[in-house]
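This is query.cif (mmCIF, C-alpha atoms).
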data_query
loop_
_atom_site.group_PDB
_atom_site.id
_atom_site.type_symbol
_atom_site.label_atom_id
_atom_site.label_comp_id
_atom_site.auth_asym_id
_atom_site.auth_seq_id
_atom_site.Cartn_x
_atom_site.Cartn_y
_atom_site.Cartn_z
ATOM 1 C CA MET A 864 21.760 -10.408 2.791
ATOM 2 C CA ARG A 865 22.678 -9.682 -0.817
ATOM 3 C CA ILE A 866 22.121 -6.280 -2.389
ATOM 4 C CA ILE A 867 21.345 -6.429 -6.100
ATOM 5 C CA THR A 868 21.020 -3.395 -8.325
ATOM 6 C CA THR A 869 20.547 -4.814 -11.837
ATOM 7 C CA ILE A 870 17.578 -6.552 -13.415
ATOM 8 C CA LYS A 871 19.748 -9.216 -15.048
ATOM 9 C CA GLU A 872 21.353 -10.246 -11.770
ATOM 10 C CA MET A 873 18.029 -10.183 -9.915
ATOM 11 C CA GLN A 874 16.358 -12.427 -12.486
ATOM 12 C CA HIS A 875 19.333 -14.804 -12.377
ATOM 13 C CA GLU A 876 19.161 -14.983 -8.587
ATOM 14 C CA ALA A 877 15.391 -15.599 -8.632
ATOM 15 C CA LYS A 878 15.706 -18.345 -11.254
ATOM 16 C CA THR A 879 18.452 -19.986 -9.191
ATOM 17 C CA MET A 880 16.163 -20.027 -6.157
ATOM 18 C CA ILE A 881 13.386 -21.573 -8.230
ATOM 19 C CA ARG A 882 15.682 -24.264 -9.654
ATOM 20 C CA GLU A 883 16.694 -25.144 -6.106
ATOM 21 C CA GLY A 884 13.022 -25.682 -5.267
ATOM 22 C CA LYS A 885 12.791 -22.624 -3.005
ATOM 23 C CA THR A 886 9.671 -20.484 -2.684
ATOM 24 C CA ILE A 887 9.989 -16.704 -2.979
ATOM 25 C CA GLY A 888 8.113 -14.175 -0.873
ATOM 26 C CA PHE A 889 8.302 -10.636 -2.271
ATOM 27 C CA VAL A 890 7.899 -7.345 -0.416
ATOM 28 C CA PRO A 891 7.886 -4.380 -2.835
ATOM 29 C CA THR A 892 8.500 -0.994 -1.188
ATOM 30 C CA MET A 893 9.517 2.564 -1.966
ATOM 31 C CA GLY A 894 11.954 2.504 0.933
ATOM 32 C CA TYR A 895 12.286 4.662 4.036
ATOM 33 C CA LEU A 896 11.276 1.518 5.866
ATOM 34 C CA HIS A 897 9.216 1.414 9.040
ATOM 35 C CA GLU A 898 7.473 -1.195 11.184
ATOM 36 C CA GLY A 899 4.734 -1.608 8.604
ATOM 37 C CA HIS A 900 7.223 -2.805 6.023
ATOM 38 C CA MET A 901 8.908 -5.031 8.585
ATOM 39 C CA SER A 902 5.586 -6.706 9.364
ATOM 40 C CA LEU A 903 5.318 -7.635 5.686
ATOM 41 C CA VAL A 904 8.790 -9.186 5.824
ATOM 42 C CA GLN A 905 7.773 -11.163 8.909
ATOM 43 C CA LYS A 906 4.716 -12.540 7.097
ATOM 44 C CA ALA A 907 6.835 -13.421 4.062
ATOM 45 C CA ARG A 908 9.476 -15.053 6.262
ATOM 46 C CA GLU A 909 6.854 -17.327 7.831
ATOM 47 C CA LYS A 910 5.567 -18.781 4.550
ATOM 48 C CA ASN A 911 8.523 -18.752 2.126
ATOM 49 C CA ASP A 912 12.036 -20.131 1.839
ATOM 50 C CA CYS A 913 13.461 -16.835 0.551
ATOM 51 C CA VAL A 914 12.401 -13.211 1.057
ATOM 52 C CA ILE A 915 13.174 -10.564 -1.544
ATOM 53 C CA MET A 916 12.499 -6.902 -0.839
ATOM 54 C CA SER A 917 12.647 -4.173 -3.460
ATOM 55 C CA VAL A 918 13.330 -0.517 -2.723
ATOM 56 C CA PHE A 919 12.366 1.632 -5.676
ATOM 57 C CA VAL A 920 10.733 5.053 -5.739
ATOM 58 C CA ASN A 921 8.723 4.701 -8.927
ATOM 59 C CA PRO A 922 8.486 7.959 -10.910
ATOM 60 C CA LEU A 923 5.592 6.659 -13.023
ATOM 61 C CA GLN A 924 3.170 6.868 -10.111
ATOM 62 C CA PHE A 925 3.957 10.480 -9.213
ATOM 63 C CA GLY A 926 2.145 13.366 -10.866
ATOM 64 C CA PRO A 927 3.948 16.545 -12.014
ATOM 65 C CA ASP A 928 3.053 18.431 -8.821
ATOM 66 C CA GLU A 929 3.656 15.544 -6.414
ATOM 67 C CA ASP A 930 6.570 14.798 -4.107
ATOM 68 C CA PHE A 931 8.801 12.446 -6.107
ATOM 69 C CA ASP A 932 11.973 14.496 -5.614
ATOM 70 C CA ARG A 933 11.445 14.978 -1.888
ATOM 71 C CA TYR A 934 10.055 11.543 -1.117
ATOM 72 C CA PRO A 935 12.138 10.403 1.898
ATOM 73 C CA ARG A 936 15.076 8.166 1.048
ATOM 74 C CA ASP A 937 17.682 6.556 3.313
ATOM 75 C CA LEU A 938 19.226 3.459 1.740
ATOM 76 C CA LYS A 939 21.770 2.802 4.501
ATOM 77 C CA ARG A 940 19.018 2.765 7.096
ATOM 78 C CA ASP A 941 16.865 0.592 4.840
ATOM 79 C CA GLU A 942 19.748 -1.874 4.443
ATOM 80 C CA LEU A 943 20.157 -2.200 8.206
ATOM 81 C CA LEU A 944 16.435 -2.716 8.822
ATOM 82 C CA ALA A 945 16.066 -5.208 5.982
ATOM 83 C CA ARG A 946 19.064 -7.210 7.162
ATOM 84 C CA LYS A 947 17.791 -7.242 10.746
ATOM 85 C CA ALA A 948 14.346 -8.395 9.580
ATOM 86 C CA GLY A 949 15.776 -11.384 7.728
ATOM 87 C CA VAL A 950 15.543 -10.250 4.112
ATOM 88 C CA ASP A 951 17.632 -12.501 1.867
ATOM 89 C CA VAL A 952 17.928 -10.155 -1.122
ATOM 90 C CA LEU A 953 17.458 -6.394 -1.270
ATOM 91 C CA PHE A 954 16.752 -5.350 -4.851
ATOM 92 C CA TYR A 955 17.657 -1.695 -5.235
ATOM 93 C CA PRO A 956 17.572 -0.643 -8.904
ATOM 94 C CA HIS A 957 18.177 2.885 -10.153
ATOM 95 C CA VAL A 958 15.488 4.615 -12.197
ATOM 96 C CA ASP A 959 17.676 4.276 -15.306
ATOM 97 C CA GLU A 960 17.885 0.528 -14.696
ATOM 98 C CA MET A 961 14.109 0.107 -14.493
ATOM 99 C CA TYR A 962 13.361 2.580 -17.299
ATOM 100 C CA PRO A 963 16.436 2.796 -19.544
ATOM 101 C CA LYS A 964 14.363 4.284 -22.352
ATOM 102 C CA GLU A 965 10.850 5.541 -22.941
ATOM 103 C CA LEU A 966 8.323 2.745 -22.554
ATOM 104 C CA THR A 967 6.688 1.488 -25.727
ATOM 105 C CA THR A 968 3.771 0.095 -23.712
ATOM 106 C CA MET A 969 2.205 0.972 -20.384
ATOM 107 C CA LEU A 970 -0.631 -0.616 -18.465
ATOM 108 C CA THR A 971 -3.865 1.316 -18.050
ATOM 109 C CA VAL A 972 -6.133 0.537 -15.102
ATOM 110 C CA ASN A 973 -9.803 0.889 -16.028
ATOM 111 C CA LYS A 974 -11.586 -0.231 -12.869
ATOM 112 C CA ARG A 975 -11.281 0.567 -9.153
ATOM 113 C CA VAL A 976 -9.484 3.866 -9.821
ATOM 114 C CA ASP A 977 -12.268 6.424 -10.288
ATOM 115 C CA THR A 978 -12.623 6.977 -6.535
ATOM 116 C CA LEU A 979 -10.483 7.485 -3.419
ATOM 117 C CA CYS A 980 -6.872 8.411 -4.286
ATOM 118 C CA GLY A 981 -7.345 7.501 -7.928
ATOM 119 C CA GLU A 982 -9.910 10.247 -8.470
ATOM 120 C CA SER A 983 -7.472 13.047 -7.620
ATOM 121 C CA ARG A 984 -4.364 11.309 -8.984
ATOM 122 C CA PRO A 985 -5.066 10.480 -12.645
ATOM 123 C CA GLY A 986 -2.537 8.012 -13.998
ATOM 124 C CA HIS A 987 -1.195 7.122 -10.564
ATOM 125 C CA PHE A 988 -2.421 3.541 -10.621
ATOM 126 C CA ASP A 989 -1.308 3.099 -14.228
ATOM 127 C CA GLY A 990 2.194 3.746 -12.904
ATOM 128 C CA VAL A 991 1.648 1.387 -9.969
ATOM 129 C CA ALA A 992 0.369 -1.429 -12.199
ATOM 130 C CA THR A 993 3.217 -0.965 -14.678
ATOM 131 C CA VAL A 994 5.996 -1.099 -12.090
ATOM 132 C CA VAL A 995 4.398 -4.017 -10.229
ATOM 133 C CA MET A 996 4.135 -5.960 -13.478
ATOM 134 C CA LYS A 997 7.826 -5.280 -14.145
ATOM 135 C CA LEU A 998 8.845 -6.264 -10.628
ATOM 136 C CA PHE A 999 6.876 -9.510 -10.795
ATOM 137 C CA GLN A 1000 8.688 -10.414 -14.032
ATOM 138 C CA ILE A 1001 12.046 -9.621 -12.434
ATOM 139 C CA VAL A 1002 11.601 -11.218 -9.010
ATOM 140 C CA LEU A 1003 9.346 -14.147 -10.063
ATOM 141 C CA PRO A 1004 7.690 -14.470 -6.632
ATOM 142 C CA ASP A 1005 5.294 -17.131 -5.418
ATOM 143 C CA LYS A 1006 3.671 -14.675 -3.007
ATOM 144 C CA ALA A 1007 3.744 -10.876 -2.797
ATOM 145 C CA TYR A 1008 2.919 -8.956 0.367
ATOM 146 C CA PHE A 1009 1.121 -5.597 0.455
ATOM 147 C CA GLY A 1010 -0.116 -3.535 3.384
ATOM 148 C CA MET A 1011 -3.817 -2.748 3.579
ATOM 149 C CA LYS A 1012 -3.036 0.870 4.444
ATOM 150 C CA ASP A 1013 -3.290 1.485 0.710
ATOM 151 C CA ALA A 1014 -6.316 -0.746 0.210
ATOM 152 C CA GLN A 1015 -7.048 0.742 -3.214
ATOM 153 C CA GLN A 1016 -3.579 -0.302 -4.381
ATOM 154 C CA VAL A 1017 -4.211 -3.844 -3.116
ATOM 155 C CA ALA A 1018 -7.526 -3.956 -5.002
ATOM 156 C CA VAL A 1019 -5.858 -2.740 -8.213
ATOM 157 C CA ILE A 1020 -3.011 -5.253 -7.954
ATOM 158 C CA LYS A 1021 -5.426 -8.094 -7.251
ATOM 159 C CA GLY A 1022 -7.238 -7.100 -10.436
ATOM 160 C CA LEU A 1023 -3.947 -7.034 -12.346
ATOM 161 C CA VAL A 1024 -3.039 -10.549 -11.208
ATOM 162 C CA ASP A 1025 -6.503 -11.895 -12.061
ATOM 163 C CA ASP A 1026 -6.674 -10.170 -15.452
ATOM 164 C CA TYR A 1027 -3.283 -11.410 -16.648
ATOM 165 C CA ASN A 1028 -3.258 -14.806 -14.894
ATOM 166 C CA LEU A 1029 -0.028 -13.955 -13.126
ATOM 167 C CA PRO A 1030 1.338 -16.919 -11.115
ATOM 168 C CA VAL A 1031 1.685 -14.954 -7.884
ATOM 169 C CA GLU A 1032 -0.536 -14.919 -4.805
ATOM 170 C CA ILE A 1033 -1.301 -11.476 -3.371
ATOM 171 C CA ILE A 1034 -1.225 -11.468 0.428
ATOM 172 C CA PRO A 1035 -2.908 -8.402 2.017
ATOM 173 C CA CYS A 1036 -1.533 -7.609 5.474
ATOM 174 C CA PRO A 1037 -3.003 -5.560 8.350
ATOM 175 C CA ILE A 1038 -2.257 -1.878 8.835
ATOM 176 C CA ILE A 1039 0.507 -1.298 11.395
ATOM 177 C CA ARG A 1040 -0.179 1.645 13.685
ATOM 178 C CA GLU A 1041 1.547 3.832 16.227
ATOM 179 C CA GLU A 1042 0.442 3.365 19.845
ATOM 180 C CA ASP A 1043 -2.000 6.260 19.462
ATOM 181 C CA GLY A 1044 -3.578 4.775 16.334
ATOM 182 C CA LEU A 1045 -1.878 6.689 13.519
ATOM 183 C CA ALA A 1046 -1.170 4.421 10.561
ATOM 184 C CA LYS A 1047 2.576 4.179 10.033
ATOM 185 C CA SER A 1048 3.746 5.937 6.873
ATOM 186 C CA SER A 1049 6.984 7.285 5.443
ATOM 187 C CA ARG A 1050 5.206 10.629 5.002
ATOM 188 C CA ASN A 1051 4.395 11.026 8.708
ATOM 189 C CA VAL A 1052 7.785 12.751 9.141
ATOM 190 C CA TYR A 1053 6.324 15.781 7.324
ATOM 191 C CA LEU A 1054 3.663 16.426 9.981
ATOM 192 C CA THR A 1055 4.145 19.397 12.296
ATOM 193 C CA PRO A 1056 3.867 18.651 16.046
ATOM 194 C CA SER A 1057 0.304 19.980 16.184
ATOM 195 C CA GLU A 1058 -0.678 18.063 13.043
ATOM 196 C CA ARG A 1059 0.808 14.916 14.529
ATOM 197 C CA GLU A 1060 -1.543 15.289 17.509
ATOM 198 C CA GLU A 1061 -4.515 15.915 15.227
ATOM 199 C CA SER A 1062 -3.665 12.959 12.998
ATOM 200 C CA THR A 1063 -5.011 10.487 15.545
ATOM 201 C CA LEU A 1064 -8.507 11.655 14.649
ATOM 202 C CA LEU A 1065 -8.289 9.643 11.417
ATOM 203 C CA SER A 1066 -8.141 6.308 13.206
ATOM 204 C CA GLN A 1067 -10.578 7.502 15.891
ATOM 205 C CA SER A 1068 -13.144 8.370 13.231
ATOM 206 C CA LEU A 1069 -12.771 4.966 11.574
ATOM 207 C CA ASN A 1070 -13.060 3.126 14.879
ATOM 208 C CA ALA A 1071 -16.258 5.034 15.645
ATOM 209 C CA ALA A 1072 -17.665 4.231 12.204
ATOM 210 C CA ARG A 1073 -16.898 0.543 12.521
ATOM 211 C CA LYS A 1074 -18.533 0.444 15.957
ATOM 212 C CA VAL A 1075 -21.828 1.968 14.848
ATOM 213 C CA ILE A 1076 -21.963 -0.415 11.878
ATOM 214 C CA ARG A 1077 -21.404 -3.334 14.230
ATOM 215 C CA ASP A 1078 -24.199 -1.921 16.392
ATOM 216 C CA GLY A 1079 -26.562 -2.039 13.413
ATOM 217 C CA GLU A 1080 -26.270 1.201 11.420
ATOM 218 C CA ARG A 1081 -26.578 0.486 7.682
ATOM 219 C CA ASP A 1082 -26.867 3.959 6.110
ATOM 220 C CA PRO A 1083 -23.535 4.875 4.420
ATOM 221 C CA GLY A 1084 -24.503 8.553 4.396
ATOM 222 C CA LEU A 1085 -24.729 8.634 8.185
ATOM 223 C CA ILE A 1086 -21.397 6.830 8.472
ATOM 224 C CA ILE A 1087 -19.761 9.435 6.226
ATOM 225 C CA GLU A 1088 -21.234 12.265 8.317
ATOM 226 C CA LEU A 1089 -19.914 10.648 11.499
ATOM 227 C CA VAL A 1090 -16.383 10.333 10.124
ATOM 228 C CA GLN A 1091 -16.430 13.887 8.756
ATOM 229 C CA SER A 1092 -17.431 15.222 12.180
ATOM 230 C CA TYR A 1093 -14.154 13.878 13.554
ATOM 231 C CA LEU A 1094 -11.965 15.008 10.671
ATOM 232 C CA LYS A 1095 -13.354 18.554 10.697
ATOM 233 C CA GLN A 1096 -11.656 18.982 14.065
ATOM 234 C CA THR A 1097 -8.263 18.866 12.347
ATOM 235 C CA SER A 1098 -6.466 21.758 10.640
ATOM 236 C CA GLY A 1099 -6.187 19.611 7.512
ATOM 237 C CA THR A 1100 -8.436 19.597 4.460
ATOM 238 C CA ILE A 1101 -10.626 16.550 3.957
ATOM 239 C CA ASP A 1102 -9.862 15.024 0.568
ATOM 240 C CA TYR A 1103 -12.442 12.264 0.782
ATOM 241 C CA VAL A 1104 -14.534 10.109 3.086
ATOM 242 C CA GLU A 1105 -16.041 7.099 1.314
ATOM 243 C CA VAL A 1106 -17.954 3.937 2.114
ATOM 244 C CA LEU A 1107 -17.492 1.458 -0.746
ATOM 245 C CA SER A 1108 -17.749 -2.222 -1.579
ATOM 246 C CA TYR A 1109 -14.427 -4.063 -1.518
ATOM 247 C CA PRO A 1110 -12.471 -4.903 -3.620
ATOM 248 C CA GLU A 1111 -14.806 -3.538 -6.316
ATOM 249 C CA LEU A 1112 -14.693 -0.020 -4.780
ATOM 250 C CA GLN A 1113 -18.252 0.804 -5.830
ATOM 251 C CA PRO A 1114 -20.733 3.015 -3.926
ATOM 252 C CA VAL A 1115 -23.318 1.218 -1.801
ATOM 253 C CA ASN A 1116 -26.844 2.373 -0.988
ATOM 254 C CA ARG A 1117 -27.013 0.230 2.121
ATOM 255 C CA ILE A 1118 -24.333 -1.603 4.089
ATOM 256 C CA ASN A 1119 -25.372 -5.227 3.760
ATOM 257 C CA GLU A 1120 -21.984 -6.785 3.030
ATOM 258 C CA GLU A 1121 -18.294 -6.080 3.517
ATOM 259 C CA VAL A 1122 -17.343 -2.452 2.896
ATOM 260 C CA ILE A 1123 -14.277 -0.298 3.222
ATOM 261 C CA ILE A 1124 -14.483 3.034 5.026
ATOM 262 C CA ALA A 1125 -11.626 5.132 3.655
ATOM 263 C CA VAL A 1126 -10.388 8.646 4.382
ATOM 264 C CA ALA A 1127 -7.740 11.058 3.166
ATOM 265 C CA VAL A 1128 -6.727 14.353 4.788
ATOM 266 C CA GLN A 1129 -4.276 16.877 3.379
ATOM 267 C CA PHE A 1130 -2.166 18.570 6.030
ATOM 268 C CA SER A 1131 0.351 21.334 5.305
ATOM 269 C CA ALA A 1132 3.069 19.050 3.903
ATOM 270 C CA ALA A 1133 1.641 15.545 4.163
ATOM 271 C CA ARG A 1134 -1.430 13.813 2.798
ATOM 272 C CA LEU A 1135 -2.553 11.017 5.112
ATOM 273 C CA ILE A 1136 -4.753 8.085 4.136
ATOM 274 C CA ASP A 1137 -6.357 5.456 6.343
ATOM 275 C CA ASN A 1138 -9.145 2.906 6.190
ATOM 276 C CA THR A 1139 -10.961 0.140 7.982
ATOM 277 C CA MET A 1140 -13.199 -2.729 6.967
ATOM 278 C CA ALA A 1141 -16.697 -3.370 8.299
ATOM 279 C CA LEU A 1142 -18.884 -6.473 8.206
ATOM 280 C CA ARG A 1143 -15.941 -8.676 7.329
ATOM 281 C CA SER A 1144 -15.190 -12.070 8.815
ATOM 282 C CA GLU A 1145 -13.367 -12.024 12.137
ATOM 283 C CA LYS A 1146 -10.728 -14.184 10.446
ATOM 284 C CA ALA A 1147 -10.147 -11.641 7.671
ATOM 285 C CA ILE A 1148 -7.183 -9.329 7.302
ATOM 286 C CA GLY A 1149 -7.154 -6.301 9.580
ATOM 287 C CA VAL A 1150 -9.704 -7.488 12.165
#
Show this structure as structure tokens.
Amino acid sequence: MRIITTIKEMQHEAKTMIREGKTIGFVPTMGYLHEGHMSLVQKAREKNDCVIMSVFVNPLQFGPDEDFDRYPRDLKRDELLARKAGVDVLFYPHVDEMYPKELTTMLTVNKRVDTLCGESRPGHFDGVATVVMKLFQIVLPDKAYFGMKDAQQVAVIKGLVDDYNLPVEIIPCPIIREEDGLAKSSRNVYLTPSEREESTLLSQSLNAARKVIRDGERDPGLIIELVQSYLKQTSGTIDYVEVLSYPELQPVNRINEEVIIAVAVQFSAARLIDNTMALRSEKAIGV
């Protein structure tokens, strides 16, 4: 596995792969890798000749009061996990390499961001779209792999690719969970022991919601009430519970087609998000 830290070298390596007729699968991450990230590498390994992973904590997507400085980082551990998973190139640029000077342009996301995490994090998805656009230009992938844990991010990036005719296929991948149902996340390390026990109620609430929809319930208001009844048992503060169309992320009056049920709960030092899909094909991602 090669470790590359500069944009120039990464672009050169990607162009060399392309000239050799190799396909590139790309796994962008912010590091502190876990099994969820490794599952993305596995998917990329299955369908591509080369796998490139980036580790970059992007300051543009953090607000002034958010946890950029204390976001967990452990490059040595990330290197070991990436190598073990079969990553060919680990792209690890410094902030000054990605943003050597103030940007003269920045992408603005107009749709799919006025709800869920986007509602309470203005500008967050502008930062996500901007860094993803940069990474796609640097890595030149055929396919890029994103976990459905952040389903809003996947929807935004799909919109970005469609809007700008980017020659990359976005591959959404299922949420990877702990044995007790908690969605794996780098921020789970911030949970206290009691919060860690309570955190399983997120996935339990979503499982219950999906079941009643499968049993015939079509009123989104009742689904939201059901999920809230679970989450109110935690010591955390409910940020949102939403039932929306996907990937449009628009409210629905009645559940007649595929929807996402999404939740966010703020605990003392960690904000957890989770989601599930309902009324989607059994062959679809995450079922």
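One distance worth recording is that between atom CA of Pro1083 of chain A and atom CA of Val1115 of chain A, which is 7.2 Å.
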List as an MDAnalysis selection string: which residues have an atom within 12 Å of (-12.9, 0.5, 4.5), counting only C-alpha atoms?
chainID A and resid 979 1011:1015 1018 1038 1066 1068:1070 1072:1073 1076 1083 1086:1087 1090 1104:1114 1118 1120:1127 1136:1143 1148:1150
Using all atoms listed in the file, the shortest atom-to-atom distance to Arg908 of chain A among A:Leu1064, A:Met864, A:Val1024, A:Val890 belongs to A:Val890
Is there a way to get, as a PyMOL selection string, all residues within 12 Å of the point (-0.7, 18.4, 16.3) in file coordinates, counting all atoms listed in the file?
chain A and resi 1051+1053-1064+1096-1099+1130-1131
List as a PyMOL selection string the protein and nucleic acid residues near Asp989 of chain A, meaning an atom at most 9 Å away when only C-alpha atoms are counted, but skip any in the same chain fewer than 2 places from it.
chain A and resi 923-924+969-973+985-987+991-994
What does the distance from atom CA of Gln1129 of chain A to atom CA of Glu982 of chain A come to in Å, to one decimal?
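Interatomic distance here is 14.7 Å.
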Give me the result of the PyMOL selection byres ((chain A and resi 885) around 12) on this file, residue by residue, as an mmCIF file with C-alpha atoms, keeping the file's coordinate frame.
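Output below, filename selection09.cif:
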data_model
loop_
_atom_site.group_PDB
_atom_site.id
_atom_site.type_symbol
_atom_site.label_atom_id
_atom_site.label_comp_id
_atom_site.auth_asym_id
_atom_site.auth_seq_id
_atom_site.Cartn_x
_atom_site.Cartn_y
_atom_site.Cartn_z
ATOM 1 C CA GLU A 876 19.161 -14.983 -8.587
ATOM 2 C CA ALA A 877 15.391 -15.599 -8.632
ATOM 3 C CA LYS A 878 15.706 -18.345 -11.254
ATOM 4 C CA THR A 879 18.452 -19.986 -9.191
ATOM 5 C CA MET A 880 16.163 -20.027 -6.157
ATOM 6 C CA ILE A 881 13.386 -21.573 -8.230
ATOM 7 C CA ARG A 882 15.682 -24.264 -9.654
ATOM 8 C CA GLU A 883 16.694 -25.144 -6.106
ATOM 9 C CA GLY A 884 13.022 -25.682 -5.267
ATOM 10 C CA THR A 886 9.671 -20.484 -2.684
ATOM 11 C CA ILE A 887 9.989 -16.704 -2.979
ATOM 12 C CA GLY A 888 8.113 -14.175 -0.873
ATOM 13 C CA LYS A 910 5.567 -18.781 4.550
ATOM 14 C CA ASN A 911 8.523 -18.752 2.126
ATOM 15 C CA ASP A 912 12.036 -20.131 1.839
ATOM 16 C CA CYS A 913 13.461 -16.835 0.551
ATOM 17 C CA VAL A 914 12.401 -13.211 1.057
ATOM 18 C CA LEU A 1003 9.346 -14.147 -10.063
ATOM 19 C CA PRO A 1004 7.690 -14.470 -6.632
ATOM 20 C CA ASP A 1005 5.294 -17.131 -5.418
#
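For the pair atom CA of Lys974 of chain A and atom CA of Gly1022 of chain A, the interatomic distance is 8.5 Å.
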Between A:Tyr1008, A:Phe988, A:Tyr1027, A:Phe954, which residue has the minimum interatomic distance to Thr869 of chain A, considering only C-alpha atoms?
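Closest residue, counting only C-alpha atoms: A:Phe954.
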Since the input lacks atoms, please generate N, CA and C atoms for segment 908-919 of chain A and provide them as a compact mmCIF listing (two decimals), keeping the file's coordinate frame.
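The new file part_28.txt reads:
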# COMPACT_ATOMS: atom_id res chain seq x y z
N ARG A 908 8.50 -14.14 5.67
CA ARG A 908 9.48 -15.05 6.26
C ARG A 908 8.81 -16.33 6.76
N GLU A 909 7.57 -16.18 7.26
CA GLU A 909 6.85 -17.33 7.83
C GLU A 909 6.44 -18.34 6.78
N LYS A 910 6.20 -17.91 5.55
CA LYS A 910 5.57 -18.78 4.55
C LYS A 910 6.44 -19.09 3.34
N ASN A 911 7.68 -18.58 3.31
CA ASN A 911 8.52 -18.75 2.13
C ASN A 911 9.94 -19.12 2.52
N ASP A 912 10.63 -19.78 1.60
CA ASP A 912 12.04 -20.13 1.84
C ASP A 912 12.95 -18.92 1.73
N CYS A 913 12.63 -18.02 0.80
CA CYS A 913 13.46 -16.84 0.55
C CYS A 913 12.58 -15.58 0.55
N VAL A 914 13.12 -14.49 1.05
CA VAL A 914 12.40 -13.21 1.06
C VAL A 914 13.21 -12.19 0.26
N ILE A 915 12.57 -11.62 -0.74
CA ILE A 915 13.17 -10.56 -1.54
C ILE A 915 12.40 -9.28 -1.30
N MET A 916 13.12 -8.22 -1.00
CA MET A 916 12.50 -6.90 -0.84
C MET A 916 13.06 -5.97 -1.91
N SER A 917 12.18 -5.20 -2.54
CA SER A 917 12.65 -4.17 -3.46
C SER A 917 12.48 -2.80 -2.82
N VAL A 918 13.42 -1.93 -3.10
CA VAL A 918 13.33 -0.52 -2.72
C VAL A 918 13.46 0.28 -4.01
N PHE A 919 12.36 0.88 -4.43
CA PHE A 919 12.37 1.63 -5.68
C PHE A 919 11.28 2.69 -5.62
